[in-house]
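Structure file target-v6.csv (CSV, C-alpha atoms) is printed below.
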chain,number,residue,atom,x,y,z
A,1007,MET,CA,24.1,-32.2,-37.5
A,1008,PRO,CA,27.6,-33.5,-38.3
A,1009,ARG,CA,30.3,-31.1,-37.4
A,1010,PHE,CA,32.1,-29.5,-40.3
A,1011,VAL,CA,30.1,-31.5,-42.9
A,1012,ARG,CA,30.4,-28.7,-45.4
A,1013,TRP,CA,34.2,-29.3,-45.6
A,1014,LEU,CA,33.9,-33.0,-46.6
A,1015,PRO,CA,33.6,-34.3,-50.2
A,1016,LEU,CA,29.9,-34.5,-51.2
A,1017,TRP,CA,29.9,-38.3,-51.7
A,1018,LEU,CA,31.2,-38.8,-48.1
A,1019,ALA,CA,28.8,-36.3,-46.6
A,1020,LEU,CA,25.9,-38.1,-48.2
A,1021,GLY,CA,27.2,-41.5,-47.1
A,1022,CYS,CA,27.4,-42.7,-50.8
A,1023,PRO,CA,30.1,-45.2,-51.7
A,1024,ALA,CA,33.0,-44.1,-53.9
A,1025,ASP,CA,33.3,-45.4,-57.5
A,1026,PRO,CA,35.8,-48.3,-57.1
A,1027,HIS,CA,37.2,-47.5,-60.5
A,1028,VAL,CA,38.2,-44.0,-59.5
A,1029,SER,CA,41.4,-43.3,-57.7
A,1030,ALA,CA,40.8,-42.5,-54.0
A,1031,GLU,CA,43.8,-40.3,-53.6
A,1032,PRO,CA,43.3,-37.8,-50.8
A,1033,THR,CA,42.5,-34.2,-51.7
A,1034,ALA,CA,42.9,-31.1,-49.5
A,1035,SER,CA,39.7,-29.9,-47.8
A,1036,PRO,CA,38.7,-26.5,-48.9
A,1037,ASP,CA,38.9,-23.7,-46.4
A,1038,PRO,CA,35.5,-22.7,-44.9
A,1039,THR,CA,34.0,-19.5,-46.0
A,1040,ALA,CA,31.6,-17.0,-44.4
A,1041,ALA,CA,28.7,-18.9,-46.2
A,1042,ASP,CA,29.6,-22.0,-44.1
A,1043,TYR,CA,29.6,-20.2,-40.8
A,1044,CYS,CA,26.1,-20.9,-39.5
A,1045,GLU,CA,26.1,-24.6,-40.6
A,1046,THR,CA,29.6,-25.4,-39.3
A,1047,SER,CA,29.2,-23.7,-35.9
A,1048,ALA,CA,25.6,-24.6,-35.0
A,1049,ASP,CA,26.4,-27.9,-33.3
A,1050,MET,CA,29.2,-26.7,-31.1
A,1051,PHE,CA,27.3,-23.5,-30.0
A,1052,CYS,CA,24.1,-25.5,-29.3
A,1053,ARG,CA,26.0,-28.0,-27.0
A,1054,TYR,CA,27.3,-24.9,-25.1
A,1055,TYR,CA,23.9,-23.1,-25.1
A,1056,ILE,CA,22.1,-26.2,-23.7
A,1057,ARG,CA,24.8,-26.9,-21.1
A,1058,CYS,CA,24.8,-23.3,-19.9
A,1059,GLY,CA,21.1,-22.4,-20.3
A,1060,ARG,CA,21.9,-19.7,-23.0
A,1061,MET,CA,18.9,-20.4,-25.2
A,1062,ALA,CA,15.2,-20.7,-24.2
A,1063,VAL,CA,14.7,-24.2,-25.7
A,1064,GLN,CA,14.6,-27.6,-24.2
A,1065,THR,CA,16.3,-29.8,-26.8
A,1066,HIS,CA,19.5,-29.8,-29.0
A,1067,GLU,CA,17.3,-30.2,-32.1
A,1068,ALA,CA,15.2,-27.1,-31.2
A,1069,CYS,CA,18.4,-25.2,-30.6
A,1070,LEU,CA,19.9,-26.2,-34.0
A,1071,SER,CA,16.8,-24.9,-35.9
A,1072,THR,CA,16.6,-21.7,-33.9
A,1073,PHE,CA,20.4,-21.0,-34.2
A,1074,SER,CA,20.3,-21.7,-38.0
A,1075,GLU,CA,17.5,-19.2,-38.6
A,1076,ALA,CA,18.9,-16.5,-36.3
A,1077,CYS,CA,22.4,-16.9,-37.5
A,1078,THR,CA,21.6,-16.7,-41.2
A,1079,GLN,CA,19.3,-13.8,-40.7
A,1080,SER,CA,21.2,-11.6,-38.3
A,1081,TYR,CA,24.9,-12.5,-38.6
A,1082,GLN,CA,26.1,-14.4,-41.7
A,1083,PRO,CA,25.2,-11.7,-44.2
A,1084,HIS,CA,27.5,-9.3,-42.3
A,1085,TYR,CA,30.4,-11.7,-42.4
A,1086,GLN,CA,29.8,-12.5,-46.1
A,1087,ALA,CA,29.9,-8.8,-46.9
A,1088,LEU,CA,33.2,-8.3,-45.0
A,1089,GLU,CA,34.6,-11.4,-46.6
A,1090,ALA,CA,33.7,-10.1,-50.1
A,1091,ARG,CA,35.7,-6.9,-49.3
A,1092,GLY,CA,38.7,-9.0,-48.3
A,1093,GLU,CA,38.6,-7.8,-44.7
A,1094,ILE,CA,37.7,-10.9,-42.8
A,1095,ARG,CA,38.3,-14.7,-43.1
A,1096,LEU,CA,36.7,-17.7,-41.3
A,1097,SER,CA,39.4,-19.8,-39.7
A,1098,ALA,CA,39.2,-23.6,-39.7
A,1099,SER,CA,41.7,-23.8,-36.9
A,1100,GLY,CA,39.8,-21.1,-35.0
A,1101,LEU,CA,36.6,-23.1,-35.3
A,1102,ARG,CA,38.3,-26.2,-33.9
A,1103,GLU,CA,39.8,-24.2,-31.0
A,1104,CYS,CA,36.5,-22.6,-30.2
A,1105,GLU,CA,34.7,-26.0,-30.2
A,1106,ALA,CA,37.1,-27.5,-27.7
A,1107,HIS,CA,36.9,-24.3,-25.6
A,1108,LEU,CA,33.1,-24.2,-25.5
A,1109,ASP,CA,32.9,-27.9,-24.4
A,1110,GLU,CA,34.9,-27.1,-21.3
A,1111,VAL,CA,34.7,-23.4,-20.4
A,1112,PRO,CA,32.9,-22.6,-17.1
A,1113,CYS,CA,29.6,-21.0,-18.1
A,1114,ASP,CA,30.1,-17.8,-16.1
A,1115,GLN,CA,33.5,-17.1,-17.9
A,1116,GLN,CA,32.1,-17.0,-21.4
A,1117,ILE,CA,30.1,-13.8,-21.5
A,1118,PHE,CA,29.8,-13.4,-25.2
A,1119,ASP,CA,29.9,-16.2,-27.8
A,1120,LEU,CA,33.1,-15.1,-29.5
A,1121,ASP,CA,35.1,-14.4,-26.3
A,1122,GLY,CA,38.2,-16.2,-25.2
A,1123,ALA,CA,39.5,-18.9,-27.5
A,1124,CYS,CA,36.5,-18.3,-29.8
A,1125,GLY,CA,37.9,-14.9,-30.7
A,1126,ALA,CA,40.1,-16.8,-33.2
A,1127,VAL,CA,37.0,-18.0,-35.3
A,1128,TRP,CA,37.2,-14.8,-37.4
A,1129,GLU,CA,40.6,-13.5,-38.7
A,1130,GLY,CA,40.6,-9.8,-39.4
A,1131,LEU,CA,42.5,-8.8,-42.5
A,1132,ALA,CA,42.1,-5.0,-42.5
A,1133,PRO,CA,45.2,-3.1,-41.5
A,1134,ALA,CA,45.5,-0.1,-39.2
A,1135,GLY,CA,43.8,2.9,-40.7
A,1136,SER,CA,40.9,1.0,-42.1
A,1137,THR,CA,37.3,1.9,-41.4
A,1138,CYS,CA,35.5,-0.2,-38.8
A,1139,ALA,CA,32.2,-0.1,-36.9
A,1140,PRO,CA,30.5,-1.6,-33.8
A,1141,GLY,CA,29.7,-5.3,-33.5
A,1142,ILE,CA,30.6,-7.6,-36.3
A,1143,GLU,CA,32.3,-4.8,-38.3
A,1144,SER,CA,34.8,-4.5,-35.4
A,1145,PHE,CA,36.2,-7.9,-36.1
A,1146,LEU,CA,37.8,-6.8,-39.4
A,1147,CYS,CA,40.8,-5.2,-37.8
A,1148,ASP,CA,43.9,-7.3,-38.1
A,1149,ARG,CA,45.9,-8.7,-35.1
A,1150,SER,CA,48.1,-5.6,-34.9
A,1151,SER,CA,45.1,-3.2,-34.5
A,1152,THR,CA,41.8,-2.7,-32.8
A,1153,CYS,CA,38.6,-0.8,-33.7
A,1154,VAL,CA,38.3,2.5,-31.9
A,1155,LEU,CA,34.9,4.3,-32.3
A,1156,GLY,CA,34.3,8.0,-32.7
A,1157,LEU,CA,31.4,10.1,-31.5
A,1158,ASP,CA,29.5,9.0,-34.7
A,1159,PHE,CA,29.9,5.4,-33.7
A,1160,CYS,CA,32.0,4.7,-36.8
A,1161,GLY,CA,35.6,3.8,-36.1
A,1162,THR,CA,39.2,3.3,-37.3
A,1163,CYS,CA,41.5,0.3,-36.8
A,1164,GLN,CA,44.3,1.7,-34.6
A,1165,PRO,CA,47.6,0.1,-33.9
A,1166,THR,CA,48.1,-1.9,-30.6
A,1167,VAL,CA,50.9,-3.6,-28.8
A,1168,ARG,CA,51.0,-7.2,-27.5
A,1169,ASP,CA,50.7,-8.5,-23.9
A,1170,GLY,CA,54.0,-8.0,-22.1
A,1171,GLU,CA,54.9,-4.9,-24.1
A,1172,PRO,CA,55.1,-1.3,-22.8
A,1173,CYS,CA,51.8,0.6,-23.0
A,1174,GLU,CA,52.6,4.1,-21.5
A,1175,ASP,CA,52.4,5.6,-25.0
A,1176,ALA,CA,50.6,2.8,-26.8
A,1177,ARG,CA,47.2,1.1,-26.9
A,1178,CYS,CA,46.6,-2.5,-25.7
A,1179,GLY,CA,44.5,-4.9,-27.7
A,1180,PRO,CA,40.7,-5.2,-27.0
A,1181,THR,CA,41.1,-8.2,-24.6
A,1182,SER,CA,44.0,-6.6,-22.6
A,1183,THR,CA,44.6,-3.6,-20.4
A,1184,CYS,CA,47.6,-1.5,-19.3
A,1185,VAL,CA,48.8,-2.7,-15.9
A,1186,GLU,CA,51.8,-0.9,-14.3
A,1187,GLY,CA,52.9,0.2,-17.8
A,1188,THR,CA,52.6,-3.2,-19.5
A,1189,CYS,CA,49.8,-4.8,-21.4
A,1190,ALA,CA,48.2,-7.7,-19.6
A,1191,PRO,CA,45.1,-9.9,-20.2
A,1192,ARG,CA,41.8,-8.6,-18.7
A,1193,ARG,CA,40.5,-10.5,-15.8
A,1194,LEU,CA,37.7,-13.2,-16.0
A,1195,PRO,CA,34.7,-13.4,-13.7
A,1196,GLY,CA,35.9,-14.7,-10.3
A,1197,GLU,CA,39.4,-13.2,-10.7
A,1198,THR,CA,40.7,-10.3,-8.7
A,1199,CYS,CA,40.4,-6.8,-10.2
A,1200,ASP,CA,41.1,-3.1,-9.4
A,1201,GLU,CA,41.3,0.2,-11.3
A,1202,GLU,CA,44.2,-1.1,-13.4
A,1203,ARG,CA,43.5,-4.8,-13.5
A,1204,ARG,CA,40.2,-4.5,-15.4
A,1205,CYS,CA,37.6,-7.1,-16.2
A,1206,VAL,CA,36.8,-8.5,-19.6
A,1207,ALA,CA,34.1,-6.8,-21.7
A,1208,GLY,CA,30.6,-7.4,-20.2
A,1209,ALA,CA,31.9,-7.9,-16.6
A,1210,TRP,CA,32.5,-5.5,-13.8
A,1211,CYS,CA,34.7,-5.2,-10.7
A,1212,ALA,CA,32.7,-5.6,-7.5
A,1213,GLU,CA,34.6,-5.6,-4.1
A,1214,GLY,CA,37.8,-6.7,-5.8
A,1215,LEU,CA,36.4,-9.5,-7.9
A,1216,CYS,CA,35.2,-9.6,-11.5
A,1217,GLU,CA,31.5,-10.4,-11.9
A,1218,GLY,CA,29.6,-11.2,-15.1
A,1219,PRO,CA,25.9,-11.2,-15.9
A,1220,THR,CA,23.8,-14.3,-15.0
A,1221,ILE,CA,21.3,-15.9,-17.4
A,1222,ALA,CA,17.6,-15.7,-16.4
A,1223,ALA,CA,14.9,-18.1,-17.4
A,1224,LEU,CA,11.6,-17.3,-19.2
A,1225,GLY,CA,9.3,-15.5,-16.8
A,1226,GLN,CA,12.1,-14.3,-14.5
A,1227,SER,CA,13.2,-10.7,-14.0
A,1228,CYS,CA,15.9,-9.2,-16.2
A,1229,ASP,CA,18.1,-6.2,-16.5
A,1230,GLN,CA,21.7,-5.5,-17.5
A,1231,ARG,CA,23.1,-7.9,-15.0
A,1232,GLN,CA,20.4,-10.6,-15.3
A,1233,ARG,CA,20.3,-11.3,-19.1
A,1234,CYS,CA,17.6,-13.2,-21.0
A,1235,PRO,CA,18.6,-16.3,-22.9
A,1236,TYR,CA,18.6,-16.4,-26.7
A,1237,LYS,CA,15.2,-16.8,-28.3
A,1238,SER,CA,13.8,-14.5,-25.6
A,1239,ALA,CA,13.8,-10.8,-24.8
A,1240,CYS,CA,13.6,-8.5,-21.8
A,1241,ILE,CA,10.1,-6.9,-22.0
A,1242,GLY,CA,8.9,-4.8,-19.0
A,1243,GLY,CA,11.7,-6.3,-16.8
A,1244,VAL,CA,10.7,-9.9,-17.5
A,1245,CYS,CA,12.1,-12.5,-20.0
A,1246,VAL,CA,9.5,-13.3,-22.6
A,1247,GLU,CA,9.8,-15.9,-25.4
A,1248,ALA,CA,10.6,-14.5,-28.9
A,1249,ALA,CA,9.0,-15.7,-32.1
A,1250,LEU,CA,10.6,-17.3,-35.2
A,1251,LEU,CA,9.9,-16.4,-38.8
A,1252,ASP,CA,6.3,-16.6,-39.9
A,1253,GLU,CA,5.1,-16.8,-36.3
A,1254,PRO,CA,2.9,-14.1,-34.7
A,1255,CYS,CA,4.8,-11.1,-33.2
A,1256,GLY,CA,4.0,-7.9,-31.3
A,1257,PRO,CA,5.0,-5.7,-28.4
A,1258,GLN,CA,4.9,-8.8,-26.0
A,1259,ALA,CA,6.2,-11.3,-28.6
A,1260,PRO,CA,9.4,-9.9,-30.3
A,1261,CYS,CA,11.0,-11.6,-33.2
A,1262,ALA,CA,14.1,-13.8,-32.5
A,1263,SER,CA,15.2,-13.2,-36.0
A,1264,GLY,CA,13.8,-10.9,-38.7
A,1265,TRP,CA,11.4,-8.1,-38.0
A,1266,CYS,CA,7.7,-7.8,-37.1
A,1267,ASP,CA,5.8,-7.0,-40.3
A,1268,GLU,CA,2.1,-6.4,-39.5
A,1269,GLY,CA,2.0,-9.0,-36.8
A,1270,THR,CA,4.2,-11.7,-38.4
A,1271,CYS,CA,8.0,-12.1,-38.2
A,1272,ALA,CA,9.5,-11.5,-41.6
A,1273,PRO,CA,13.0,-11.9,-43.0
A,1274,PHE,CA,15.3,-8.9,-43.0
A,1275,LYS,CA,15.5,-7.0,-46.3
A,1276,ALA,CA,18.7,-6.8,-48.4
A,1277,GLY,CA,20.4,-3.6,-49.5
A,1278,GLY,CA,18.5,-1.7,-52.1
A,1279,GLU,CA,15.0,-3.0,-51.1
A,1280,PRO,CA,12.4,-0.4,-50.2
A,1281,CYS,CA,12.0,0.1,-46.4
A,1282,GLY,CA,10.3,2.3,-43.9
A,1283,ALA,CA,12.6,1.9,-41.0
A,1284,GLY,CA,16.1,0.5,-40.2
A,1285,GLN,CA,14.6,-2.5,-38.2
A,1286,GLU,CA,13.5,-4.0,-41.6
A,1287,CYS,CA,17.0,-4.2,-43.0
A,1288,HIS,CA,20.0,-6.5,-42.6
A,1289,SER,CA,22.1,-3.4,-42.2
A,1290,ARG,CA,19.6,-1.9,-39.7
A,1291,ALA,CA,19.8,1.3,-41.7
A,1292,CYS,CA,17.1,2.7,-44.1
A,1293,ASP,CA,17.2,5.7,-46.4
A,1294,GLY,CA,14.1,4.9,-48.4
A,1295,THR,CA,15.8,1.7,-49.4
A,1296,CYS,CA,17.9,-0.5,-47.1
A,1297,VAL,CA,21.6,0.6,-46.9
A,1298,PRO,CA,23.8,-2.2,-48.3
A,1299,LEU,CA,26.0,-4.2,-46.0
A,1300,PRO,CA,28.5,-3.7,-44.3
A,1301,GLY,CA,26.7,-0.5,-43.4
A,1302,VAL,CA,26.6,3.3,-43.2
A,1303,CYS,CA,30.2,3.6,-41.9
A,1304,PHE,CA,31.5,2.2,-45.2
A,1305,ILE,CA,29.3,4.1,-47.6
A,1306,ASP,CA,31.8,6.9,-48.4
A,1307,GLU,CA,34.8,4.6,-48.9
Whole structure given in structure tokens:
Amino acid sequence: MPRFVRWLPLWLALGCPADPHVSAEPTASPDPTAADYCETSADMFCRYYIRCGRMAVQTHEACLSTFSEACTQSYQPHYQALEARGEIRLSASGLRECEAHLDEVPCDQQIFDLDGACGAVWEGLAPAGSTCAPGIESFLCDRSSTCVLGLDFCGTCQPTVRDGEPCEDARCGPTSTCVEGTCAPRRLPGETCDEERRCVAGAWCAEGLCEGPTIAALGQSCDQRQRCPYKSACIGGVCVEAALLDEPCGPQAPCASGWCDEGTCAPFKAGGEPCGAGQECHSRACDGTCVPLPGVCFIDE
């Protein structure tokens, strides 16, 4: 899959020659949108997944098809909903930075896909005081704030200070921690740590060094520290392969995307469609009908 093909003129993407009678003056490429995310990011993530054993597939082509299905089902609708509200933007420069990072980062230092340099892929536009929520809905806070959750798991974007600035009476950003009264980056796996010098999210401090989870293979044991790769799930302490849309599913064959509808993986339902449980919906919330995205934390706004 050509990288960033959606950003090229259609005739060039299709390999068709330009009309020789038409001026070939250059035009600015449009900025990518949330609708472009899955297509433009598939190739770079799959190179990283195959290199680091992050998906239970054998080939790049199998990764591309699995990534496309899972991304468009589980993630892209959330990004599009936040984009429509003017609270998030897909960054072309962030995608390029993430691609270069994923091609070189040590596998054990990239715990989550959008860690490190890949945190610049999505630019939050919502100012301090805005409503936020766990997961994707936490990305909407702008660079001067971070999402702080309440007991109801809904949150508010709260102001932060930058690395190198005092933090005795202020909050550091989500990738930083307060060390001796000053904000500093959290430590990566393999780096030293203590009660103040904390590890990045998903890692823990063990005997003075940050450790992150390892990736198990299909059939191997799994827990919080031994994670299953994408397109699999931890069932009964063992990594089992997950099913794609229209494939058989059940207690021992979960869906990699979508939900298990009477033994077959089906696409998630959009807001307003009838539902019997939250697992059927894009928003994962059901009140007789699926709650519209971005979700229950935003309903009363």
Distance query 9 Å from (40.9, -9.9, -43.7) using all atoms listed in the file, result as a PDB file with C-alpha atoms, in the coordinates of the input:
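Once written, selection.pdb looks like this:
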ATOM      1  CA  LEU A1088      33.200  -8.300 -45.000  1.00  0.00           C
ATOM      2  CA  GLU A1089      34.600 -11.400 -46.600  1.00  0.00           C
ATOM      3  CA  ARG A1091      35.700  -6.900 -49.300  1.00  0.00           C
ATOM      4  CA  GLY A1092      38.700  -9.000 -48.300  1.00  0.00           C
ATOM      5  CA  GLU A1093      38.600  -7.800 -44.700  1.00  0.00           C
ATOM      6  CA  ILE A1094      37.700 -10.900 -42.800  1.00  0.00           C
ATOM      7  CA  ARG A1095      38.300 -14.700 -43.100  1.00  0.00           C
ATOM      8  CA  TRP A1128      37.200 -14.800 -37.400  1.00  0.00           C
ATOM      9  CA  GLU A1129      40.600 -13.500 -38.700  1.00  0.00           C
ATOM     10  CA  GLY A1130      40.600  -9.800 -39.400  1.00  0.00           C
ATOM     11  CA  LEU A1131      42.500  -8.800 -42.500  1.00  0.00           C
ATOM     12  CA  ALA A1132      42.100  -5.000 -42.500  1.00  0.00           C
ATOM     13  CA  PRO A1133      45.200  -3.100 -41.500  1.00  0.00           C
ATOM     14  CA  LEU A1146      37.800  -6.800 -39.400  1.00  0.00           C
ATOM     15  CA  CYS A1147      40.800  -5.200 -37.800  1.00  0.00           C
ATOM     16  CA  ASP A1148      43.900  -7.300 -38.100  1.00  0.00           C
TER      17      ASP A1148
END
- Query: In Å to one decimal, how far is atom CA of Ile1142 of chain A from atom CA of His1288 of chain A?
  - Reply: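 Spanning atom CA of His1288 of chain A to atom CA of Ile1142 of chain A is a straight-line distance of 12.4 Å.
Counting from atom CA of Lys1237 of chain A, the distance to atom CA of Gly1264 of chain A is 12.0 Å.
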- Message: List as a PyMOL selection string the protein and nucleic acid residues near Pro1260 of chain A, meaning an atom at most 10 Å away when all atoms listed in the file are counted, but skip any in the same chain fewer than 2 places from it.
- Response: chain A and resi 1237-1241+1246-1250+1254-1258+1262-1266+1269-1271
- Item | A:Gly1059, A:Pro1280, A:Gly1214, A:Pro1083 ranked by distance to Ala1040 of chain A, top pick (using all atoms listed in the file) |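 Going through A:Gly1059, A:Pro1280, A:Gly1214, A:Pro1083 one by one, the smallest distance to Ala1040 of chain A is for A:Pro1083.
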- Task: Tell me which protein, DNA and RNA residues are within 9 Å of Thr1188 of chain A, counting only C-alpha atoms, leaving out same-chain ones fewer than 5 positions away, and put them as a PyMOL selection string.
- Result: chain A and resi 1169-1174+1178+1183
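With all atoms listed in the file taken into account, every residue lying no more than 7 Å from the file point (39.1, -6.9, -10.7) is included here: Arg1193, Glu1197, Thr1198, Cys1199, Asp1200, Arg1203, Arg1204, Cys1205, Cys1211, Gly1214, Leu1215 and Cys1216 of chain A.
Restricting the calculation to all atoms listed in the file, the smallest distance between Ala1276 of chain A and any of A:Pro1298, A:Asp1293, A:Cys1160, A:Leu1155 is found for A:Pro1298.
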- Item | Selected residue of minimal separation from Ser1047 of chain A among A:Met1061, A:Ile1305, A:Cys1104, A:Ala1076, counting all atoms listed in the file | A:Cys1104
- Can you work out which one of A:Ala1212, A:Pro1300, A:Cys1153, A:Gly1100 has the shortest atom-to-atom distance to Ser1136 of chain A, counting all atoms listed in the file?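 Comparing A:Ala1212, A:Pro1300, A:Cys1153, A:Gly1100 against Ser1136 of chain A, the winner is A:Cys1153.
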- Note on the structure: note - atom CA of Leu1224 of chain A and atom CA of Gln1116 of chain A are separated by 20.6 Å
- Task: Please identify all polymer residues within 8 Å of Leu1070 of chain A, counting all atoms listed in the file, omitting same-chain residues fewer than 3 positions from it, and present them as a VMD selection string.
- Result: chain A and resid 1048 to 1049 1052 1066 to 1067 1073 to 1074
Give, as lines of an AutoDock Vina configuration file, the centre coordinates and the x, y and z edge lengths in Å to one decimal for an axis-aligned box around all listed atoms of segment 1284-1297 of chain A, padded by 5 Å on each side.
center_x = 17.8
center_y = -0.4
center_z = -43.8
size_x = 18.6
size_y = 22.2
size_z = 21.2
- Message: Let me make sure I understand: among A:Thr1295, A:Ser1144, A:Ser1071, A:Thr1152, which one has the smallest atom-to-atom distance to Cys1281 of chain A if we use only C-alpha atoms?
- Response: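 Looking at the shortest contact to Cys1281 of chain A, the residue is A:Thr1295.
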